[in-house]
Amino acid sequence: MNWLIAILQTALFVAMAPLLAGWLKWCKCRLQNRKAPSLLQPYRDLLKLTHKQPVVSKQASWLFIATPYIVFSATVLAATVVPLIAVDLPTSASADVIVMVGFFAFARFFLALAGLDMGTAFGGMGSSREMTISSLAEPAMLMAVFTLTMTASTTNLSGAIAHVINEGMVLRPSFVFALPALLLVAIAETGRIPVDNPATHLELTMIHEAMILEYSGRHLALIEWASQLKLMLYGVLIANIFFPWGIAETFSAEALGYGLLAITGKLALLAIVLAIAETLFAKMRLFRVQEYLSFAYLLGLLGMLSHIILEAAR
Amino acid sequence: MHIEQTDFYTQAILSMAALVGLTSFLMLGQSRLLRLIFVFALQGFLLTITTVLAGYSLDSHHLYISAALTLLLKVIFIPWMLRREVMHMNAQRSIQALKNKTMVMLGGASLMVFSYYILHPIVPTTSPVMLNALAVSLSVVLLGMLLMISHRQAVAHVVGFMSIENGLFFAAIVATKGMPMVVELGVAFDVLVAAVLFGIFFLHIRTSIDSLDVDLLNRLNEVDK
C-alpha cells in the first residue's frame with residue numbers, strides 16, 4: 001500500500017512538472033502585458049517533440065543518445081526522495097537529501113559530457129559554464145539544507161519535514177537565512193533569470209540551452225521534461241521544508257487530498273513570486289554569477305552559524 | 001536551552017536579530033546607492049517592529065513612542081534626505097566598484113563569528129537570548145564600520161554610521177528591556193542632529209570637489225605628485 005502511494009506520488013510529480021512550467025510562463029506573460037499561452041502548452045510541446053524524428057549527427061557517440069534517458073531517470077529518482085503530498089513514504093525513507101544532490105550531480109555530469117560530445121563550440125561553452133556554476137551552487141545548497149538537517153538532526157528529508165511539523169509554529173532565525181539561500185541556489189540551478197534565461201537562444205548568454213542545442217525530437221522532449229521536473233523539485237523542496245503545513249502524515253484519502261491541495265497552492269504561490277522576480281530583474285553578466293552564488297553560500301553559512309549559536313542547547 | 005522551549009517573544013526577538021543581521025550583510029554587498037538607502041530604511045523598519053514587540057510584551061508604553069520616533073527618523077526622514085542628496089548629485093546610476101566584494105562579504109561573516117567569540121564569556125551571567133541579541137548587535141556595529149571602510153561614497157559612509165547606531169539601539173532595546181525615556185529622546189535627537197550635520201558636510205564636499213566620492217579627497221594635496 002505504502003509503495004503504491006510512493007509510486008503514485010512520483011507519477012504525480014512527473015505529470016505535474018509541465019503544468020508548473022506552464023503556470024510560471026502564464027504568470028510571467030500576464031505580468032509583462034503579453035497574451036499568455038494555455039496552461040497545457042508545455043504538454044503539447046512535449047507531445048509534438050515526441051512525434052518528431054530525432055536528428056543525430058554522424059559524429060555522435062553512444063553517450064549522446066543515452067544522455068537524455070540517463071538525465072530523465074536520474075531526475076525522476078531524485079523526485080522519489082522528496083516528499084510531495086505525504087511524509088514517511090518508503091522511497092523517501094530509503095534515501096536522504098545527499099542522495100538527491102548526488103542524483104542531480106549525476107544528471108549534470110552526463111549532460112555536460114553530452115554537450116562536449118559533439119565537439120561544437122556552443123556545446124563546450126555551455127558545459128564549461130554549467131560546471132562552473134554548479135561547482136559554486138552545490139556547496140551553497142548543501143549549506144542551506146544542512147541547516148534544516150541540523151535542526152531536525154537527520155538528513156532524511158521526510159523525517160526532517162515531519163520534525164518541523166511536529167514542533168509547531170516556531171520562529172527559527174536560522175531558517176531566515178536558509179530560505180533565501182535555497183531560493184538563490186534554486187534560481188541558479190534551474191537556470192532562471194537572473195543567472196540564465198530559459199526563453200532565449202542568445203548565443204553569448206545561454207548556459208543550459210547551449211548544452212542541449214544539438215538535441216531534437218524525443219531526446220529534447222526528455223531533457224526539457226527533466227528540467228521542468230528539476231524546477232518543480234526545487235519548488236517542492238522549498239515549499240515543504242519551510243512551510244510544511246498541510247502535508248499528509250497519514251495515508252487516508254482525506255489527508256492525501258489535503259496534501260495535494262496544499263502543495264498545489266504552495267507551488268502556485270511560489271511560481272508567482274518567481275515570475276515577479278524574473279520580471280523585475282535583468283539577467284546578470286556571467287562573471288557576476290560567482291558574486292551571486294557566494295552571497296548564497298554566505299547566507300547558508302550564516303544560517304548554519306545562527307542555528308549553532310542562537311538555537312542549539314548549551 | 002532549545003529554541004522550541006522558549007516563549008514566542010524570545011523566538012520573535014531572535015528572528016528579528018537574524019533579520020537585522022541579514023540587512024547589515026545586504027548593505028555591505030550593495031553597490032548601488034539608492035538600493036543601499038532602501039535596505040537601510042528596511043533595517044530601521046525592523047528596529048521599529050522590534051521596539052513595538054518589546055513594548056507589547058513588556059507592557060511599557062513609552063517604548064511605543066520610541067518606536068514612532070524610530071519610524072519617523074530612520075525609516076522616513078533620514079532615507080528621504082539621503083535619497084534627495086543622491087538624486088541631487090545625479091549619482092543614482094553610478095555604481096561604485098567594490099574592489100573585492102567576496103572578500104568583504106567573507107570578512108563580514110568572520111566579524112560576526114568574532115563578535116560571538118568575544119561575547120561568549122558572558123554566558124554564565126546572562127540569558128542566552130541576551131547573549132545572542134548582544135552578539136548580533138555587536139556584529140551590526142562592526143559590519144557598519146566595515147561598510148564605512150569598504151565603500152567610497154560619502155553617502156555610504158553616512159549609512160554605515162547610522163547602521164552602527166542601529167546596532168546599539170537594538171542592543172539597548174533587547175538588553176535593558178526599554179531604556180528610560182530621557183535617554184531614548186536624547187539618542188533620537190542626536191541622530192537628527194547628526195543627519196543635519198551630514199547634510200551640511202555633503203554640501204561642503206560637493207562644493208569643493210563636485211562629487212561625493214571621498215577618494216577624490218586624496219587629490220587635495222598642496223603639492224602635485
# chains A, B, ... in the order shown; residues from 1 in each chain; ligands from 1
$ residues_around --residues "Ala60 of chain A" --least-positions-apart "3" --cutoff "12 Å" --atoms "only C-alpha atoms" --output "number ranges by chain"
A: 55-57, 63-67, 113-120, 214-215
$ write_last_selection --atoms "C-alpha atoms" --output "mmCIF file, in the first residue's frame"
data_model
loop_
_atom_site.group_PDB
_atom_site.id
_atom_site.type_symbol
_atom_site.label_atom_id
_atom_site.label_comp_id
_atom_site.auth_asym_id
_atom_site.auth_seq_id
_atom_site.Cartn_x
_atom_site.Cartn_y
_atom_site.Cartn_z
ATOM 1 C CA VAL A 55 18.262 14.115 -35.736
ATOM 2 C CA VAL A 56 21.588 12.739 -34.539
ATOM 3 C CA SER A 57 24.881 13.728 -36.047
ATOM 4 C CA LEU A 63 26.825 8.953 -24.900
ATOM 5 C CA PHE A 64 24.809 11.457 -26.871
ATOM 6 C CA ILE A 65 21.891 9.047 -27.335
ATOM 7 C CA ALA A 66 21.997 7.699 -23.795
ATOM 8 C CA THR A 67 22.196 11.043 -22.014
ATOM 9 C CA LEU A 113 29.548 15.252 -21.334
ATOM 10 C CA ALA A 114 26.845 15.203 -23.995
ATOM 11 C CA GLY A 115 27.412 18.893 -24.596
ATOM 12 C CA LEU A 116 31.098 18.193 -25.175
ATOM 13 C CA ASP A 117 30.457 15.039 -27.191
ATOM 14 C CA MET A 118 29.573 16.759 -30.438
ATOM 15 C CA GLY A 119 32.621 18.997 -30.403
ATOM 16 C CA THR A 120 30.660 22.131 -31.289
ATOM 17 C CA GLU A 214 22.136 19.610 -30.673
ATOM 18 C CA TYR A 215 19.170 17.682 -29.328
#
$ interface_residues --of "chain B" --to "chain A" --cutoff "9 Å" --atoms "only C-alpha atoms" --output "list of chain:residue names"
B:Met1, B:His2, B:Ile3, B:Glu4, B:Phe8, B:Gln11, B:Ala12, B:Leu14, B:Ser15, B:Met16, B:Ala17, B:Ala18, B:Leu19, B:Leu22, B:Gly29, B:Lys101, B:Thr102, B:Met105, B:Leu106, B:Ala109, B:Met112, B:Val113, B:Tyr116, B:Pro128, B:Val129, B:Leu131, B:Asn132, B:Ala133
$ residues_around --residues "segment 238-241 of chain A" --least-positions-apart "4" --cutoff "12 Å" --atoms "only C-alpha atoms" --output "VMD selection string"
chain A and resid 82 to 87 97 141 144 to 149 151 to 152 156 to 165 175 178 to 187 231 to 234 245 to 248 259 to 260 262 to 271
$ residues_around --residues "Ser66 of chain B" --least-positions-apart "5" --cutoff "10 Å" --atoms "only C-alpha atoms" --output "PyMOL selection string"
chain B and resi 48+51-52+55+61+71-72+173+178-179+181+184-185+188
$ residues_around --residues "segment 216-229 of chain A" --least-positions-apart "4" --cutoff "7 Å" --atoms "only C-alpha atoms" --output "list in words"
Val14, Ala17, Pro18, Ala21, Leu46, Leu49, Thr50, Lys52, Gln53, Pro54, Val55, Pro68, Val71, Phe72, Thr75 and Leu233 of chain A
$ residues_around --residues "segment 127-133 of chain A" --least-positions-apart "6" --cutoff "9 Å" --atoms "only C-alpha atoms" --output "ChimeraX atom specification"
/A:108-109,111-116,188-189,207-208,210-211,286,289-290,293
$ write_last_selection --atoms "C-alpha atoms" --output "mmCIF file, in the first residue's frame"
data_model
loop_
_atom_site.group_PDB
_atom_site.id
_atom_site.type_symbol
_atom_site.label_atom_id
_atom_site.label_comp_id
_atom_site.auth_asym_id
_atom_site.auth_seq_id
_atom_site.Cartn_x
_atom_site.Cartn_y
_atom_site.Cartn_z
ATOM 1 C CA ARG A 108 24.512 17.211 -14.744
ATOM 2 C CA PHE A 109 27.695 15.257 -15.346
ATOM 3 C CA LEU A 111 24.538 16.491 -19.662
ATOM 4 C CA ALA A 112 27.892 18.251 -19.655
ATOM 5 C CA LEU A 113 29.548 15.252 -21.334
ATOM 6 C CA ALA A 114 26.845 15.203 -23.995
ATOM 7 C CA GLY A 115 27.412 18.893 -24.596
ATOM 8 C CA LEU A 116 31.098 18.193 -25.175
ATOM 9 C CA ALA A 188 20.824 29.341 -10.317
ATOM 10 C CA GLU A 189 20.423 25.576 -10.591
ATOM 11 C CA ILE A 207 24.118 28.200 -20.462
ATOM 12 C CA HIS A 208 21.659 25.347 -20.271
ATOM 13 C CA ALA A 210 23.870 25.830 -25.196
ATOM 14 C CA MET A 211 24.466 22.327 -23.904
ATOM 15 C CA LEU A 286 28.201 35.694 -16.411
ATOM 16 C CA VAL A 289 27.260 34.883 -11.071
ATOM 17 C CA GLN A 290 30.054 33.959 -8.690
ATOM 18 C CA LEU A 293 26.401 32.414 -5.558
#
$ residues_around --residues "Leu42 of chain B" --least-positions-apart "2" --cutoff "12 Å" --atoms "only C-alpha atoms" --output "number ranges by chain"
B: 16, 19-24, 26-27, 35-40, 44-49, 70-71, 74-76, 79, 163, 166
$ select_by_dssp --residues "segment 178-280 of chain A" --states "alpha helix (DSSP H)" --output "ChimeraX atom specification"
/A:178-189,208-211,217-242,253-280
$ write_last_selection --atoms "C-alpha atoms" --output "JSON list (two decimals), in the first residue's frame"
[["chain", "number", "residue", "atom", "x", "y", "z"],
["A", 178, "ALA", "CA", 18.46, 29.31, 4.89],
["A", 179, "LEU", "CA", 15.30, 30.18, 2.94],
["A", 180, "PRO", "CA", 16.81, 32.97, 0.82],
["A", 181, "ALA", "CA", 19.97, 30.88, 0.36],
["A", 182, "LEU", "CA", 17.97, 27.97, -1.01],
["A", 183, "LEU", "CA", 15.89, 30.31, -3.19],
["A", 184, "LEU", "CA", 19.03, 31.82, -4.73],
["A", 185, "VAL", "CA", 20.53, 28.40, -5.35],
["A", 186, "ALA", "CA", 17.27, 27.12, -6.86],
["A", 187, "ILE", "CA", 17.22, 30.00, -9.31],
["A", 188, "ALA", "CA", 20.82, 29.34, -10.32],
["A", 189, "GLU", "CA", 20.42, 25.58, -10.59],
["A", 208, "HIS", "CA", 21.66, 25.35, -20.27],
["A", 209, "GLU", "CA", 20.36, 25.90, -23.79],
["A", 210, "ALA", "CA", 23.87, 25.83, -25.20],
["A", 211, "MET", "CA", 24.47, 22.33, -23.90],
["A", 217, "GLY", "CA", 12.81, 15.12, -31.19],
["A", 218, "ARG", "CA", 12.12, 12.83, -28.27],
["A", 219, "HIS", "CA", 15.60, 13.36, -26.83],
["A", 220, "LEU", "CA", 14.89, 17.06, -26.49],
["A", 221, "ALA", "CA", 11.48, 16.27, -25.03],
["A", 222, "LEU", "CA", 13.06, 14.14, -22.30],
["A", 223, "ILE", "CA", 15.63, 16.78, -21.44],
["A", 224, "GLU", "CA", 13.04, 19.56, -21.35],
["A", 225, "TRP", "CA", 10.81, 17.43, -19.19],
["A", 226, "ALA", "CA", 13.72, 16.69, -16.85],
["A", 227, "SER", "CA", 14.49, 20.37, -16.45],
["A", 228, "GLN", "CA", 10.82, 21.13, -15.73],
["A", 229, "LEU", "CA", 10.91, 18.34, -13.18],
["A", 230, "LYS", "CA", 14.01, 19.85, -11.61],
["A", 231, "LEU", "CA", 12.29, 23.21, -11.30],
["A", 232, "MET", "CA", 9.37, 21.56, -9.57],
["A", 233, "LEU", "CA", 11.70, 19.57, -7.31],
["A", 234, "TYR", "CA", 13.31, 22.71, -6.03],
["A", 235, "GLY", "CA", 9.90, 24.33, -5.62],
["A", 236, "VAL", "CA", 8.62, 21.40, -3.59],
["A", 237, "LEU", "CA", 11.80, 21.33, -1.55],
["A", 238, "ILE", "CA", 11.44, 24.98, -0.60],
["A", 239, "ALA", "CA", 7.69, 24.76, -0.01],
["A", 240, "ASN", "CA", 7.80, 21.60, 2.07],
["A", 241, "ILE", "CA", 10.87, 22.36, 4.14],
["A", 242, "PHE", "CA", 10.00, 25.87, 5.18],
["A", 253, "ALA", "CA", -7.70, 9.56, 1.31],
["A", 254, "GLU", "CA", -8.73, 12.76, 3.05],
["A", 255, "ALA", "CA", -5.23, 13.59, 4.29],
["A", 256, "LEU", "CA", -3.72, 12.84, 0.88],
["A", 257, "GLY", "CA", -6.30, 15.07, -0.78],
["A", 258, "TYR", "CA", -5.47, 17.91, 1.60],
["A", 259, "GLY", "CA", -1.78, 17.31, 0.95],
["A", 260, "LEU", "CA", -2.30, 17.58, -2.80],
["A", 261, "LEU", "CA", -4.36, 20.74, -2.39],
["A", 262, "ALA", "CA", -1.78, 22.29, -0.05],
["A", 263, "ILE", "CA", 1.21, 21.59, -2.26],
["A", 264, "THR", "CA", -0.62, 22.83, -5.37],
["A", 265, "GLY", "CA", -1.45, 26.08, -3.61],
["A", 266, "LYS", "CA", 2.08, 26.49, -2.27],
["A", 267, "LEU", "CA", 3.69, 25.82, -5.66],
["A", 268, "ALA", "CA", 1.29, 28.21, -7.39],
["A", 269, "LEU", "CA", 2.22, 30.96, -4.92],
["A", 270, "LEU", "CA", 5.92, 30.20, -5.25],
["A", 271, "ALA", "CA", 5.64, 30.39, -9.05],
["A", 272, "ILE", "CA", 4.00, 33.80, -8.76],
["A", 273, "VAL", "CA", 6.89, 35.02, -6.59],
["A", 274, "LEU", "CA", 9.40, 33.61, -9.08],
["A", 275, "ALA", "CA", 7.56, 35.25, -12.01],
["A", 276, "ILE", "CA", 7.60, 38.62, -10.23],
["A", 277, "ALA", "CA", 11.32, 38.24, -9.52],
["A", 278, "GLU", "CA", 12.02, 37.32, -13.14],
["A", 279, "THR", "CA", 10.07, 40.32, -14.35],
["A", 280, "LEU", "CA", 11.83, 42.74, -12.01]]
$ atom_distance --atom1 "atom CA of Val155 of chain B" --atom2 "atom CA of Val104 of chain B"
18.5 Å
